[in-house]
file structure_6.txt (compact mmCIF, C-alpha atoms)
# COMPACT_ATOMS: atom_id res chain seq x y z
CA MET A 12 15.78 -23.72 -16.80
CA VAL A 13 14.34 -20.96 -14.61
CA PRO A 14 12.43 -22.31 -11.58
CA GLU A 15 8.97 -21.09 -10.66
CA PRO A 16 8.86 -18.53 -7.82
CA ASN A 17 7.78 -19.88 -4.47
CA LYS A 18 8.71 -17.55 -1.61
CA ILE A 19 7.56 -13.94 -1.47
CA LEU A 20 8.67 -11.35 1.05
CA MET A 21 6.05 -8.62 1.28
CA VAL A 22 7.04 -5.30 2.83
CA GLU A 23 3.91 -3.37 3.74
CA ASP A 24 2.95 -1.28 6.75
CA GLU A 25 -0.83 -1.35 6.29
CA ALA A 26 -2.35 -4.30 8.17
CA ASP A 27 -5.45 -4.60 5.98
CA ILE A 28 -3.34 -4.91 2.86
CA GLN A 29 -1.00 -7.39 4.54
CA ILE A 30 -3.89 -9.69 5.41
CA VAL A 31 -5.64 -9.66 2.06
CA ALA A 32 -2.42 -9.93 0.05
CA LYS A 33 -1.18 -12.88 2.13
CA LEU A 34 -4.52 -14.64 1.74
CA ALA A 35 -4.54 -14.04 -2.02
CA LEU A 36 -0.92 -15.04 -2.60
CA GLU A 37 -1.19 -18.21 -0.53
CA SER A 38 -4.68 -19.26 -1.57
CA VAL A 39 -4.71 -18.28 -5.23
CA GLY A 40 -1.01 -18.24 -6.06
CA ASN A 41 0.14 -21.08 -3.80
CA PHE A 42 3.09 -18.95 -2.68
CA THR A 43 4.79 -19.02 0.71
CA VAL A 44 4.56 -15.49 2.08
CA HIS A 45 6.47 -13.69 4.80
CA ILE A 46 5.35 -10.20 5.82
CA CYS A 47 7.51 -7.38 7.13
CA SER A 48 5.87 -4.18 8.37
CA SER A 49 8.83 -1.91 7.72
CA GLY A 50 11.82 -1.51 5.47
CA SER A 51 14.25 -2.02 8.34
CA ASP A 52 12.52 -5.30 9.31
CA ALA A 53 12.78 -6.44 5.68
CA VAL A 54 16.50 -5.75 5.53
CA ALA A 55 17.01 -7.63 8.81
CA GLU A 56 14.81 -10.62 7.94
CA LEU A 57 15.70 -11.00 4.27
CA PRO A 58 18.65 -13.41 4.74
CA GLY A 59 16.65 -15.70 7.02
CA PHE A 60 13.70 -16.02 4.66
CA ASP A 61 15.67 -15.93 1.39
CA PRO A 62 12.74 -15.04 -0.90
CA ASP A 63 12.43 -15.50 -4.64
CA ILE A 64 10.66 -12.14 -5.00
CA ILE A 65 10.13 -9.04 -2.89
CA LEU A 66 6.92 -7.01 -3.00
CA LEU A 67 7.76 -3.56 -1.72
CA ASP A 68 5.39 -0.80 -0.69
CA VAL A 69 6.60 2.67 -1.69
CA MET A 70 5.19 4.94 1.01
CA MET A 71 6.03 3.69 4.48
CA PRO A 72 6.99 5.52 7.65
CA GLY A 73 10.69 5.43 8.44
CA MET A 74 12.56 3.77 5.60
CA ASP A 75 10.39 4.15 2.51
CA GLY A 76 10.26 1.77 -0.46
CA PRO A 77 13.06 3.28 -2.56
CA ASP A 78 15.36 3.54 0.47
CA THR A 79 14.58 -0.07 1.38
CA PHE A 80 15.30 -1.09 -2.21
CA LYS A 81 18.73 0.57 -2.06
CA ALA A 82 19.49 -0.97 1.34
CA ILE A 83 18.66 -4.46 0.04
CA ARG A 84 20.89 -4.01 -2.99
CA ARG A 85 23.72 -2.87 -0.71
CA LEU A 86 23.46 -6.06 1.38
CA GLY A 87 25.34 -8.08 -1.19
CA GLY A 88 24.07 -11.31 -2.67
CA TYR A 89 20.73 -9.80 -3.65
CA GLU A 90 21.79 -7.79 -6.71
CA SER A 91 19.51 -9.69 -9.08
CA LEU A 92 16.66 -10.55 -6.69
CA PRO A 93 13.42 -9.41 -8.37
CA ILE A 94 11.86 -6.52 -6.46
CA ILE A 95 8.39 -5.31 -7.39
CA PHE A 96 7.07 -1.99 -6.14
CA MET A 97 3.43 -1.81 -5.05
CA THR A 98 2.07 1.70 -5.13
CA ALA A 99 -0.84 3.96 -5.97
CA LYS A 100 1.61 6.27 -7.73
CA VAL A 101 1.76 4.72 -11.16
CA MET A 102 2.09 7.70 -13.47
CA GLU A 103 4.58 7.14 -16.28
CA THR A 104 7.17 9.31 -14.53
CA ASP A 105 6.72 7.30 -11.32
CA ARG A 106 7.17 4.01 -13.21
CA GLU A 107 10.28 5.34 -14.93
CA TYR A 108 11.73 6.23 -11.55
CA TYR A 109 11.11 2.76 -10.07
CA HIS A 110 12.62 1.10 -13.13
CA SER A 111 15.60 3.45 -13.02
CA LEU A 112 16.29 2.13 -9.51
CA GLY A 113 16.30 -1.39 -10.93
CA ALA A 114 12.80 -2.58 -10.04
CA SER A 115 11.57 -5.61 -11.96
CA GLY A 116 8.04 -4.28 -12.10
CA VAL A 117 5.32 -2.15 -10.60
CA ILE A 118 1.91 -3.32 -9.37
CA ALA A 119 -0.75 -0.67 -8.92
CA LYS A 120 -2.66 -0.23 -5.68
CA PRO A 121 -5.40 -0.94 -5.05
CA PHE A 122 -4.80 -4.41 -6.47
CA ASP A 123 -7.23 -7.15 -7.39
CA PRO A 124 -6.69 -10.08 -4.97
CA MET A 125 -7.81 -12.53 -7.65
CA THR A 126 -5.17 -11.48 -10.17
CA LEU A 127 -2.28 -10.41 -7.91
CA SER A 128 -0.49 -13.75 -8.23
CA ASP A 129 -0.79 -13.69 -12.03
CA GLN A 130 0.68 -10.19 -12.14
CA ILE A 131 3.64 -11.35 -10.05
CA ARG A 132 4.27 -14.40 -12.24
CA GLU A 133 4.09 -12.22 -15.35
CA ILE A 134 6.74 -9.88 -13.93
CA TRP A 135 8.82 -12.90 -12.85
CA ASN A 136 8.72 -14.24 -16.41
CA GLN A 137 9.68 -10.85 -17.86
CA HIS A 138 12.52 -10.61 -15.35
CA HIS A 139 13.87 -13.94 -16.58
CA GLY A 140 13.37 -13.06 -20.22
CA ARG A 141 10.62 -15.55 -20.86
CA MET B 17 -1.82 -24.55 -0.07
CA ALA B 18 -4.23 -23.29 -2.73
CA VAL B 19 -7.91 -23.29 -1.82
CA ASP B 20 -10.90 -23.41 -4.08
CA LYS B 21 -12.44 -20.22 -5.40
CA ASP B 22 -15.53 -20.39 -3.19
CA THR B 23 -13.46 -20.75 -0.02
CA PHE B 24 -11.22 -17.91 -1.08
CA ALA B 25 -14.21 -15.69 -1.89
CA GLU B 26 -15.72 -16.53 1.50
CA LYS B 27 -12.52 -15.58 3.33
CA LEU B 28 -12.25 -12.41 1.29
CA ARG B 29 -15.84 -11.52 2.13
CA ALA B 30 -15.11 -11.96 5.84
CA LEU B 31 -12.07 -9.69 5.54
CA LYS B 32 -14.17 -7.10 3.73
CA GLU B 33 -16.76 -7.17 6.50
CA ALA B 34 -14.01 -6.70 9.09
CA TYR B 35 -12.59 -3.83 7.05
CA ASP B 36 -15.97 -2.15 6.77
CA ALA B 37 -16.54 -2.56 10.50
CA GLN B 38 -13.39 -0.63 11.37
CA LEU B 39 -14.12 2.28 9.03
CA GLY B 40 -15.76 4.03 11.97
CA GLY B 41 -12.37 4.18 13.65
CA ARG B 42 -10.91 5.73 10.52
CA ILE B 43 -13.64 8.37 10.57
CA ASP B 44 -12.66 9.22 14.15
CA ALA B 45 -9.00 9.48 13.13
CA LEU B 46 -9.83 11.70 10.14
CA GLU B 47 -11.96 14.00 12.26
CA SER B 48 -9.26 14.10 14.92
CA ALA B 49 -6.72 15.15 12.28
CA LEU B 50 -9.07 17.89 11.11
CA GLY B 51 -9.35 19.08 14.72
CA ASP B 52 -5.54 19.11 14.99
CA ILE B 53 -5.30 21.30 11.88
CA GLY B 54 -7.78 23.77 13.37
CA ALA B 55 -6.10 23.74 16.76
CA ALA B 56 -2.57 24.17 15.43
CA GLY B 57 -1.09 27.44 16.62
CA ASP B 58 1.14 28.07 13.65
CA ARG B 59 1.88 26.99 10.08
CA THR B 60 4.37 24.34 11.21
CA GLY B 61 1.73 22.74 13.39
CA GLN B 62 -0.81 22.88 10.59
CA ILE B 63 1.55 21.20 8.16
CA ALA B 64 2.33 18.48 10.71
CA ALA B 65 -1.40 17.84 11.10
CA VAL B 66 -1.85 17.76 7.32
CA ARG B 67 0.95 15.17 7.11
CA LYS B 68 -0.97 13.01 9.57
CA LEU B 69 -4.10 13.44 7.46
CA LEU B 70 -2.09 12.52 4.37
CA GLU B 71 -1.01 9.24 5.98
CA LEU B 72 -4.60 8.38 6.90
CA ALA B 73 -5.85 9.16 3.40
CA HIS B 74 -2.99 7.17 1.86
CA LYS B 75 -3.88 4.08 3.87
CA ILE B 76 -7.53 4.26 2.85
CA ALA B 77 -6.63 4.96 -0.79
CA GLY B 78 -4.43 1.88 -0.88
CA SER B 79 -6.70 -0.52 0.95
CA ALA B 80 -10.32 0.38 0.16
CA GLY B 81 -10.13 -0.51 -3.53
CA THR B 82 -8.67 -3.90 -2.69
CA PHE B 83 -11.90 -4.61 -0.81
CA GLY B 84 -13.98 -3.47 -3.76
CA HIS B 85 -14.62 0.09 -2.58
CA GLN B 86 -13.29 1.87 -5.65
CA LYS B 87 -15.13 5.15 -5.01
CA LEU B 88 -13.87 5.32 -1.42
CA SER B 89 -10.36 4.66 -2.66
CA ALA B 90 -10.64 7.41 -5.30
CA THR B 91 -12.02 9.90 -2.78
CA ALA B 92 -9.16 9.13 -0.39
CA SER B 93 -6.70 9.47 -3.24
CA ASP B 94 -8.06 12.95 -4.03
CA LEU B 95 -7.56 14.01 -0.43
CA GLU B 96 -4.10 12.45 -0.35
CA GLY B 97 -3.10 14.46 -3.44
CA LEU B 98 -4.40 17.67 -1.93
CA CYS B 99 -2.54 16.99 1.33
CA GLU B 100 0.66 16.34 -0.61
CA SER B 101 0.42 19.63 -2.48
CA THR B 102 -0.41 21.43 0.79
CA VAL B 103 2.70 19.99 2.44
CA GLU B 104 4.86 20.79 -0.59
CA ASP B 105 3.56 24.35 -0.94
CA GLY B 106 3.82 25.01 2.78
CA GLU B 107 0.98 27.51 2.38
CA GLY B 108 -1.33 25.99 4.94
CA PRO B 109 -4.60 24.13 4.44
CA SER B 110 -7.17 25.49 1.97
CA PRO B 111 -10.99 25.37 2.30
CA GLU B 112 -10.88 22.79 -0.48
CA LEU B 113 -9.03 20.44 1.86
CA ASN B 114 -11.89 20.62 4.36
CA GLN B 115 -14.35 19.80 1.58
CA GLU B 116 -12.30 16.82 0.40
CA LEU B 117 -12.08 15.60 3.98
CA GLU B 118 -15.82 15.88 4.43
CA ASP B 119 -16.30 13.93 1.20
CA LEU B 120 -14.01 11.18 2.48
CA VAL B 121 -15.74 11.00 5.86
CA ALA B 122 -19.10 10.75 4.08
CA ALA B 123 -17.77 7.96 1.85
CA CYS B 124 -16.42 6.09 4.90
CA ARG B 125 -19.84 6.40 6.57
CA THR B 126 -21.52 4.98 3.46
CA TYR B 127 -19.39 1.85 3.45
CA SER B 128 -19.32 1.41 7.22
CA GLY B 129 -23.09 1.66 7.40
CA ALA B 130 -22.74 4.31 10.13
call {"tool": "encode", "arguments": {"input": "structure_6.txt", "output": "structure tokens"}}
result
Amino acid sequence: MVPEPNKILMVEDEADIQIVAKLALESVGNFTVHICSSGSDAVAELPGFDPDIILLDVMMPGMDGPDTFKAIRRLGGYESLPIIFMTAKVMETDREYYHSLGASGVIAKPFDPMTLSDQIREIWNQHHGR
Amino acid sequence: MAVDKDTFAEKLRALKEAYDAQLGGRIDALESALGDIGAAGDRTGQIAAVRKLLELAHKIAGSAGTFGHQKLSATASDLEGLCESTVEDGEGPSPELNQELEDLVAACRTYSGA
């Protein structure tokens, strides 16, 4: 039986989005959320937090979302960890690219704080073939 | 721990008010970026300033809609797209970019109450 997701690592450089997403995920979704402001922080802090899901911004200074994705996969032990891209670029070609990397899903920005948790659980269920 | 809908809505409203209050700072940053484009001595400097503008527009495009400001988000997204094509083309900023920037500043003023 597949467990329900509990811990989410959010990688996002924009403070306003960090705050509202954390509030929404904890208050509405009852998740435990850890925020990293950069891809390099995420790679460094991933083993310590050991999340069930990663929410990954695409456009960030320094290591961007796709580069962070690849770095996480290279770490070893996180080959099947669900990673969801969050981005304003959600054209079909963009989505195809994220999925070709191995992303479990894509959530469009701006997001609705009320339904963000539901979107994540839906992707989690798809990832586990439910 | 999950909170009830009213408490969540109240917290969200407070965050929205804080977001709106700092839109004035974003206007300053946008206008500063526009000044940098005008002051740049060469095409390389202009493109660097447009990149900075792109980052500012991207942040607003991604955050404003989350606080219910869909029009502001769309206006920022338009400017972001124009900045991206300007950077990719390497041709330097067009008059259209100035217009898009003015539209975004006006939209920020509307929501900030400035």
call {"tool": "atom_distance", "arguments": {"input": "structure_6.txt", "atom1": "CA of Pro124 in chain A", "atom2": "CA of Cys99 in chain B"}}
result
28.1 Å
call {"tool": "closest_atom_pairs", "arguments": {"input": "structure_6.txt", "of": "chain B", "to": "chain A", "cutoff": "10 Å", "atoms": "all atoms listed in the file", "output": "CSV"}}
result
residue,atom,partner,partner_atom,distance
B:Met17,CA,A:Asn41,CA,5.5
B:Ala18,CA,A:Ser38,CA,4.2
B:Val19,CA,A:Ser38,CA,5.2
B:Asp20,CA,A:Ser38,CA,7.9
B:Lys21,CA,A:Val39,CA,8.0
B:Thr23,CA,A:Ser38,CA,9.0
B:Phe24,CA,A:Ser38,CA,6.7
B:Ala25,CA,A:Met125,CA,9.2
B:Lys27,CA,A:Leu34,CA,8.2
B:Leu28,CA,A:Val31,CA,7.2
B:Leu31,CA,A:Val31,CA,7.3
B:Lys32,CA,A:Val31,CA,9.1
B:Ala34,CA,A:Asp27,CA,9.3
B:Tyr35,CA,A:Asp27,CA,7.3
B:Glu71,CA,A:Pro72,CA,9.0
B:His74,CA,A:Met70,CA,8.5
B:Lys75,CA,A:Glu25,CA,6.7
B:Ile76,CA,A:Glu25,CA,9.4
B:Ala77,CA,A:Pro121,CA,7.4
B:Gly78,CA,A:Pro121,CA,5.1
B:Ser79,CA,A:Ile28,CA,5.8
B:Ala80,CA,A:Pro121,CA,7.3
B:Gly81,CA,A:Pro121,CA,5.0
B:Thr82,CA,A:Pro121,CA,5.0
B:Phe83,CA,A:Asp123,CA,8.5
B:Gly84,CA,A:Asp123,CA,8.5
B:His85,CA,A:Pro121,CA,9.6
B:Gln86,CA,A:Pro121,CA,8.4
B:Ser89,CA,A:Pro121,CA,7.9
B:Ala90,CA,A:Pro121,CA,9.9
B:Ser93,CA,A:Ala99,CA,8.5
call {"tool": "closest_residue", "arguments": {"input": "structure_6.txt", "among": "A:Tyr89, A:Phe60, A:Phe80, A:Phe96", "to": "Ile134 in chain A", "atoms": "all atoms listed in the file"}}
result
A:Phe96
call {"tool": "residues_around", "arguments": {"input": "structure_6.txt", "residues": "Asp105 in chain B", "least_positions_apart": "5", "cutoff": "12 Å", "atoms": "all atoms listed in the file", "output": "VMD selection string"}}
result
chain B and resid 59 63 66 98 to 100 110
call {"tool": "atom_distance", "arguments": {"input": "structure_6.txt", "atom1": "CA of Glu56 in chain A", "atom2": "CA of Leu72 in chain B"}}
result
27.2 Å
call {"tool": "residues_around", "arguments": {"input": "structure_6.txt", "residues": "Leu92 in chain A", "least_positions_apart": "6", "cutoff": "8 Å", "atoms": "all atoms listed in the file", "output": "short mmCIF file (atom, residue, chain, number, x, y, z; two decimals) with C-alpha atoms, in the frame of the given file"}}
result
data_model
loop_
_atom_site.label_atom_id
_atom_site.label_comp_id
_atom_site.auth_asym_id
_atom_site.auth_seq_id
_atom_site.Cartn_x
_atom_site.Cartn_y
_atom_site.Cartn_z
CA ASP A 63 12.43 -15.50 -4.64
CA ILE A 64 10.66 -12.14 -5.00
CA ILE A 65 10.13 -9.04 -2.89
#
call {"tool": "closest_residue", "arguments": {"input": "structure_6.txt", "among": "B:Leu120, B:Leu69, B:Ala64, B:Leu50", "to": "Ala92 in chain B", "atoms": "only C-alpha atoms"}}
result
B:Leu120
call {"tool": "residues_around", "arguments": {"input": "structure_6.txt", "residues": "Leu57 in chain A", "least_positions_apart": "3", "cutoff": "10 Å", "atoms": "only C-alpha atoms", "output": "ChimeraX atom specification"}}
result
/A:20,45,47,51-54,60-62,65,83,86,89
call {"tool": "closest_residue", "arguments": {"input": "structure_6.txt", "among": "A:Glu107, A:Asp75, A:Glu23, A:Asp68", "to": "Ile95 in chain A", "atoms": "only C-alpha atoms"}}
result
A:Asp68
